[in-house]
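Undergrad: Input file: start13.json. Contents: JSON, C-alpha atoms.
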```json
[["chain", "number", "residue", "atom", "x", "y", "z"],
["D", 1, "MET", "CA", -0.98, -20.70, -23.37],
["D", 2, "GLN", "CA", 1.47, -17.87, -22.83],
["D", 3, "LYS", "CA", 2.54, -15.60, -25.63],
["D", 4, "ILE", "CA", 5.70, -13.56, -25.86],
["D", 5, "TYR", "CA", 5.52, -10.12, -27.42],
["D", 6, "LYS", "CA", 7.79, -7.17, -27.72],
["D", 7, "ILE", "CA", 6.32, -4.05, -26.14],
["D", 8, "ASN", "CA", 6.24, -2.55, -29.62],
["D", 9, "ASP", "CA", 3.82, -5.31, -30.69],
["D", 10, "VAL", "CA", 1.21, -4.33, -28.09],
["D", 11, "ALA", "CA", 1.77, -0.60, -27.53],
["D", 12, "LYS", "CA", 2.71, 2.56, -29.37],
["D", 13, "ILE", "CA", 5.48, 4.53, -27.66],
["D", 14, "ARG", "CA", 6.10, 8.26, -27.87],
["D", 15, "SER", "CA", 8.46, 10.59, -26.05],
["D", 16, "GLY", "CA", 7.40, 13.12, -23.50],
["D", 17, "MET", "CA", 7.82, 16.76, -24.44],
["D", 18, "VAL", "CA", 10.61, 19.23, -23.79],
["D", 19, "VAL", "CA", 8.68, 22.16, -22.35],
["D", 20, "THR", "CA", 9.71, 24.84, -19.91],
["D", 21, "LYS", "CA", 7.58, 25.25, -16.84],
["D", 22, "THR", "CA", 6.51, 28.81, -16.20],
["D", 23, "THR", "CA", 7.85, 30.44, -13.06],
["D", 24, "ASN", "CA", 5.43, 33.38, -13.16],
["D", 25, "ARG", "CA", 2.51, 32.79, -10.79],
["D", 26, "ASN", "CA", 0.57, 35.92, -11.70],
["D", 27, "GLU", "CA", -2.53, 34.32, -13.19],
["D", 28, "GLU", "CA", -3.77, 37.60, -14.69],
["D", 29, "LYS", "CA", -0.71, 37.67, -16.95],
["D", 30, "LEU", "CA", -0.87, 33.94, -17.67],
["D", 31, "THR", "CA", -4.26, 33.47, -19.26],
["D", 32, "ASN", "CA", -2.99, 30.58, -21.39],
["D", 33, "THR", "CA", -1.48, 28.63, -18.50],
["D", 34, "PHE", "CA", -3.84, 25.72, -18.12],
["D", 35, "VAL", "CA", -1.52, 22.91, -19.19],
["D", 36, "ARG", "CA", -0.01, 20.60, -16.59],
["D", 37, "LEU", "CA", 3.46, 19.37, -17.47],
["D", 38, "LEU", "CA", 4.12, 16.19, -15.51],
["D", 39, "THR", "CA", 7.71, 15.64, -14.39],
["D", 40, "THR", "CA", 9.27, 13.16, -11.97],
["D", 41, "SER", "CA", 8.94, 15.69, -9.14],
["D", 42, "ASP", "CA", 5.14, 15.33, -9.46],
["D", 43, "PHE", "CA", 5.40, 11.73, -8.18],
["D", 44, "ASP", "CA", 6.13, 10.35, -4.75],
["D", 45, "ASP", "CA", 8.76, 7.67, -4.07],
["D", 46, "ASP", "CA", 6.25, 4.93, -4.90],
["D", 47, "GLY", "CA", 5.44, 6.39, -8.33],
["D", 48, "ASN", "CA", 2.07, 7.85, -7.30],
["D", 49, "LEU", "CA", 0.97, 11.16, -8.76],
["D", 50, "HIS", "CA", 0.68, 13.95, -6.19],
["D", 51, "ARG", "CA", -2.85, 15.26, -5.67],
["D", 52, "GLU", "CA", -2.06, 18.98, -6.00],
["D", 53, "ILE", "CA", -0.72, 19.66, -9.48],
["D", 54, "GLN", "CA", -1.29, 23.15, -10.77],
["D", 55, "PRO", "CA", -1.14, 24.29, -14.40],
["D", 56, "ASN", "CA", 2.49, 25.14, -15.06],
["D", 57, "ALA", "CA", 3.03, 25.49, -18.80],
["D", 58, "ILE", "CA", 1.81, 28.02, -21.33],
["D", 59, "TYR", "CA", -0.43, 26.45, -23.98],
["D", 60, "LYS", "CA", 0.93, 25.80, -27.46],
["D", 61, "PRO", "CA", -1.10, 24.17, -30.27],
["D", 62, "ILE", "CA", 1.41, 21.28, -30.51],
["D", 63, "PHE", "CA", 0.25, 20.12, -27.06],
["D", 64, "GLU", "CA", -3.16, 19.10, -28.41],
["D", 65, "LYS", "CA", -1.98, 15.77, -29.86],
["D", 66, "ASN", "CA", 0.16, 15.08, -26.79],
["D", 67, "TYR", "CA", -2.46, 15.44, -24.06],
["D", 68, "LEU", "CA", -2.42, 12.32, -21.94],
["D", 69, "LYS", "CA", -5.47, 10.05, -22.14],
["D", 70, "ALA", "CA", -6.87, 7.71, -19.52],
["D", 71, "GLY", "CA", -5.23, 4.30, -19.72],
["D", 72, "GLU", "CA", -1.93, 5.52, -21.15],
["D", 73, "ILE", "CA", 1.14, 4.45, -19.24],
["D", 74, "LEU", "CA", 3.89, 6.86, -18.30],
["D", 75, "PHE", "CA", 7.30, 5.26, -17.99],
["D", 76, "ASN", "CA", 10.02, 7.31, -16.30],
["D", 77, "ALA", "CA", 12.91, 6.47, -18.60],
["D", 78, "LYS", "CA", 15.59, 8.84, -17.33],
["D", 79, "GLY", "CA", 17.35, 9.23, -14.04],
["D", 80, "ARG", "CA", 18.02, 6.98, -11.09],
["D", 81, "ARG", "CA", 14.43, 5.82, -10.57],
["D", 82, "PHE", "CA", 12.62, 3.89, -13.27],
["D", 83, "PHE", "CA", 8.89, 3.40, -12.75],
["D", 84, "ALA", "CA", 5.63, 3.20, -14.65],
["D", 85, "MET", "CA", 2.19, 4.54, -13.78],
["D", 86, "GLU", "CA", -1.17, 4.47, -15.47],
["D", 87, "PHE", "CA", -2.61, 7.89, -16.24],
["D", 88, "LYS", "CA", -6.20, 8.06, -15.04],
["D", 89, "GLU", "CA", -7.02, 11.58, -16.20],
["D", 90, "GLU", "CA", -7.24, 12.99, -12.68],
["D", 91, "PHE", "CA", -6.29, 16.35, -14.17],
["D", 92, "PRO", "CA", -7.25, 17.81, -17.55],
["D", 93, "HIS", "CA", -4.73, 19.05, -20.10],
["D", 94, "CYS", "CA", -1.70, 17.05, -18.94],
["D", 95, "ILE", "CA", 1.39, 16.39, -21.00],
["D", 96, "ALA", "CA", 4.35, 14.19, -20.11],
["D", 97, "GLY", "CA", 7.71, 15.81, -19.54],
["D", 98, "SER", "CA", 10.83, 14.75, -21.41],
["D", 99, "THR", "CA", 11.90, 12.14, -18.84],
["D", 100, "PHE", "CA", 8.85, 10.03, -19.70],
["D", 101, "LEU", "CA", 7.97, 7.65, -22.46],
["D", 102, "VAL", "CA", 4.22, 7.34, -23.04],
["D", 103, "LEU", "CA", 2.79, 3.94, -23.94],
["D", 104, "THR", "CA", -0.61, 3.64, -25.59],
["D", 105, "ILE", "CA", -1.87, 0.08, -25.76],
["D", 106, "THR", "CA", -2.79, -0.93, -29.29],
["D", 107, "SER", "CA", -3.64, -4.60, -28.75],
["D", 108, "ASN", "CA", -6.47, -6.47, -27.08],
["D", 109, "GLU", "CA", -3.93, -9.12, -26.08],
["D", 110, "ILE", "CA", -2.81, -7.13, -23.04],
["D", 111, "LEU", "CA", -4.46, -5.10, -20.29],
["D", 112, "PRO", "CA", -3.00, -1.78, -19.12],
["D", 113, "ASN", "CA", -2.77, -3.09, -15.54],
["D", 114, "TYR", "CA", -0.74, -6.09, -16.67],
["D", 115, "LEU", "CA", 1.70, -3.94, -18.66],
["D", 116, "LEU", "CA", 1.99, -1.59, -15.70],
["D", 117, "TRP", "CA", 2.66, -4.51, -13.35],
["D", 118, "TYR", "CA", 5.23, -5.95, -15.75],
["D", 119, "LEU", "CA", 7.13, -2.67, -16.16],
["D", 120, "ASN", "CA", 7.23, -2.15, -12.38],
["D", 121, "HIS", "CA", 8.13, -5.77, -11.63],
["D", 122, "GLU", "CA", 11.38, -6.34, -9.77],
["D", 123, "GLU", "CA", 12.83, -8.55, -12.53],
["D", 124, "THR", "CA", 12.03, -6.01, -15.26],
["D", 125, "LEU", "CA", 13.49, -3.20, -13.18],
["D", 126, "LYS", "CA", 16.71, -5.21, -12.80],
["D", 127, "VAL", "CA", 17.13, -5.02, -16.58],
["D", 128, "PHE", "CA", 16.66, -1.24, -16.49],
["D", 129, "ASN", "CA", 18.72, -0.73, -13.33],
["D", 130, "ALA", "CA", 21.74, -2.33, -14.99],
["D", 131, "LYS", "CA", 22.07, 1.04, -16.74],
["D", 132, "MET", "CA", 22.86, 2.67, -13.39],
["D", 133, "TYR", "CA", 26.37, 1.24, -13.50],
["D", 134, "THR", "CA", 27.15, 2.03, -17.11],
["D", 135, "GLN", "CA", 25.79, 5.55, -17.58],
["D", 136, "THR", "CA", 26.17, 8.82, -15.70],
["D", 137, "LEU", "CA", 22.53, 9.72, -16.35],
["D", 138, "PRO", "CA", 20.81, 6.37, -16.86],
["D", 139, "SER", "CA", 18.15, 6.35, -19.56],
["D", 140, "ILE", "CA", 16.06, 3.88, -21.51],
["D", 141, "SER", "CA", 15.54, 4.69, -25.18],
["D", 142, "ILE", "CA", 12.29, 4.17, -27.07],
["D", 143, "LYS", "CA", 13.97, 1.36, -29.01],
["D", 144, "GLU", "CA", 15.13, -0.40, -25.84],
["D", 145, "LEU", "CA", 11.65, -0.23, -24.35],
["D", 146, "ALA", "CA", 10.03, -1.23, -27.64],
["D", 147, "ASP", "CA", 12.29, -4.30, -27.88],
["D", 148, "LEU", "CA", 11.63, -5.43, -24.31],
["D", 149, "GLU", "CA", 9.94, -8.82, -24.35],
["D", 150, "ILE", "CA", 6.80, -9.32, -22.32],
["D", 151, "THR", "CA", 5.22, -12.66, -21.54],
["D", 152, "VAL", "CA", 1.45, -12.44, -21.63],
["D", 153, "PRO", "CA", -0.61, -15.26, -20.14],
["D", 154, "ASP", "CA", -3.82, -16.38, -21.81],
["D", 155, "LEU", "CA", -6.69, -14.40, -20.24],
["D", 156, "ASP", "CA", -8.91, -17.47, -19.81],
["D", 157, "GLN", "CA", -6.05, -19.31, -18.15],
["D", 158, "LEU", "CA", -5.49, -16.31, -15.88],
["D", 159, "LYS", "CA", -9.20, -16.18, -14.95],
["D", 160, "ASN", "CA", -9.13, -19.91, -14.11],
["D", 161, "LYS", "CA", -6.08, -19.41, -11.89],
["D", 162, "LYS", "CA", -7.80, -16.50, -10.19],
["D", 163, "LEU", "CA", -10.90, -18.62, -9.47],
["D", 164, "LYS", "CA", -8.73, -21.44, -8.15],
["D", 165, "ILE", "CA", -6.84, -19.07, -5.83],
["D", 166, "ARG", "CA", -10.12, -17.51, -4.67],
["D", 167, "ARG", "CA", -11.47, -20.98, -3.80],
["D", 168, "GLN", "CA", -8.27, -21.81, -1.93],
["D", 169, "LEU", "CA", -8.54, -18.57, 0.06],
["D", 170, "ILE", "CA", -12.16, -19.32, 0.97],
["D", 171, "GLU", "CA", -11.16, -22.82, 2.07],
["D", 172, "LEU", "CA", -8.26, -21.48, 4.18],
["D", 173, "GLU", "CA", -10.55, -18.88, 5.74],
["D", 174, "ASN", "CA", -13.10, -21.57, 6.61],
["D", 175, "GLN", "CA", -10.37, -23.74, 8.15],
["D", 176, "TYR", "CA", -9.13, -20.77, 10.18],
["D", 177, "ILE", "CA", -12.63, -19.91, 11.42],
["D", 178, "ASN", "CA", -13.25, -23.56, 12.32],
["D", 179, "THR", "CA", -9.97, -23.73, 14.23],
["D", 180, "LEU", "CA", -10.74, -20.53, 16.16],
["D", 181, "THR", "CA", -14.27, -21.72, 16.91],
["D", 182, "TYR", "CA", -13.03, -25.08, 18.12],
["D", 183, "LYS", "CA", -10.49, -23.42, 20.44],
["D", 184, "LYS", "CA", -13.19, -21.15, 21.91],
["D", 185, "ILE", "CA", -15.51, -24.08, 22.58],
["D", 186, "LYS", "CA", -12.81, -26.20, 24.21]]
```
Take the structure I supplied and represent it as structure tokens, if you would.

TA:
Amino acid sequence: MQKIYKINDVAKIRSGMVVTKTTNRNEEKLTNTFVRLLTTSDFDDDGNLHREIQPNAIYKPIFEKNYLKAGEILFNAKGRRFFAMEFKEEFPHCIAGSTFLVLTITSNEILPNYLLWYLNHEETLKVFNAKMYTQTLPSISIKELADLEITVPDLDQLKNKKLKIRRQLIELENQYINTLTYKKIK
């Protein structure tokens, strides 16, 4: 049985931080620069995090509670390209820039991968992309994201579908192999 939730029912949402990146690259003078501020420029066109991200913000105590944790989802909520990605803690001491909303899953009813898939789904993006025509700098507010409805299938039902599809794939593969074998023999 499918359930319909609002994002706010299954995840806590917080804003990214307004922080200035440092332009000074003299590491001797920047002993407290070990924080990585993630901005949209740190992602490729497919929403993947670049592999070479250097510390670029001077540490402040307020960052402590905003460090990204594995499994949190970053949603780019400002600009002309909306996308979501799961933070996997590839880099220590990362904080999200102000263009991002950070989602922390608070419910066992949903998996991070499913929420990520849903936010990046073409139909969901159509809802967000409608903003492109009504705003100069399109943005999605925390409230808009929190109120977005998400349909969550029952996990057991999903597992059964997965098994059924797996069996169908095995059957198709066997048919294909049999067809190729038959053609070779003939």

Undergrad: For each of D:Ala57, D:Leu37, D:Ala96, D:Leu119, take the minimum atom-to-atom distance to Thr22 in chain D, counting all atoms listed in the file, then give the residue where this is smallest.

TA: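 The shortest atom-to-atom distance to Thr22 in chain D comes from D:Ala57.
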
Undergrad: Figure out the distance between CA of Asn8 in chain D and CA of Leu145 in chain D, please, to one decimal in Å.

TA: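 The value is 7.9 Å.
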
Undergrad: Taking all atoms listed in the file into account, name the residue in D:Tyr5, D:Phe34, D:Phe43, D:Tyr114 that is nearest to Lys60 in chain D.

TA: D:Phe34

Undergrad: Using all atoms listed in the file for the distances, tell me which of D:Pro92, D:Ser141, D:Arg80, D:Tyr133 is nearest to Glu64 in chain D.

TA: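 Smallest distance to Glu64 in chain D is found for D:Pro92.
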
Undergrad: Looking at only C-alpha atoms, which of D:Glu144, D:Glu86, D:Asp9, D:Asp156 is the one that sits closest to Val127 in chain D?

TA: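 Checking each candidate against Val127 in chain D, we get D:Glu144 as the closest.
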
Undergrad: When you look at Lys143 in chain D with a cut-off of 12 Å (counting all atoms listed in the file), what residues show up, excluding the ones that are within fewer than 6 positions of it in the same chain? I need them as a list in words.

TA: Lys6, Ile7, Asn8, Lys12, Ile13, Arg14, Ser15, Ala77, Leu101 and Glu149 of chain D
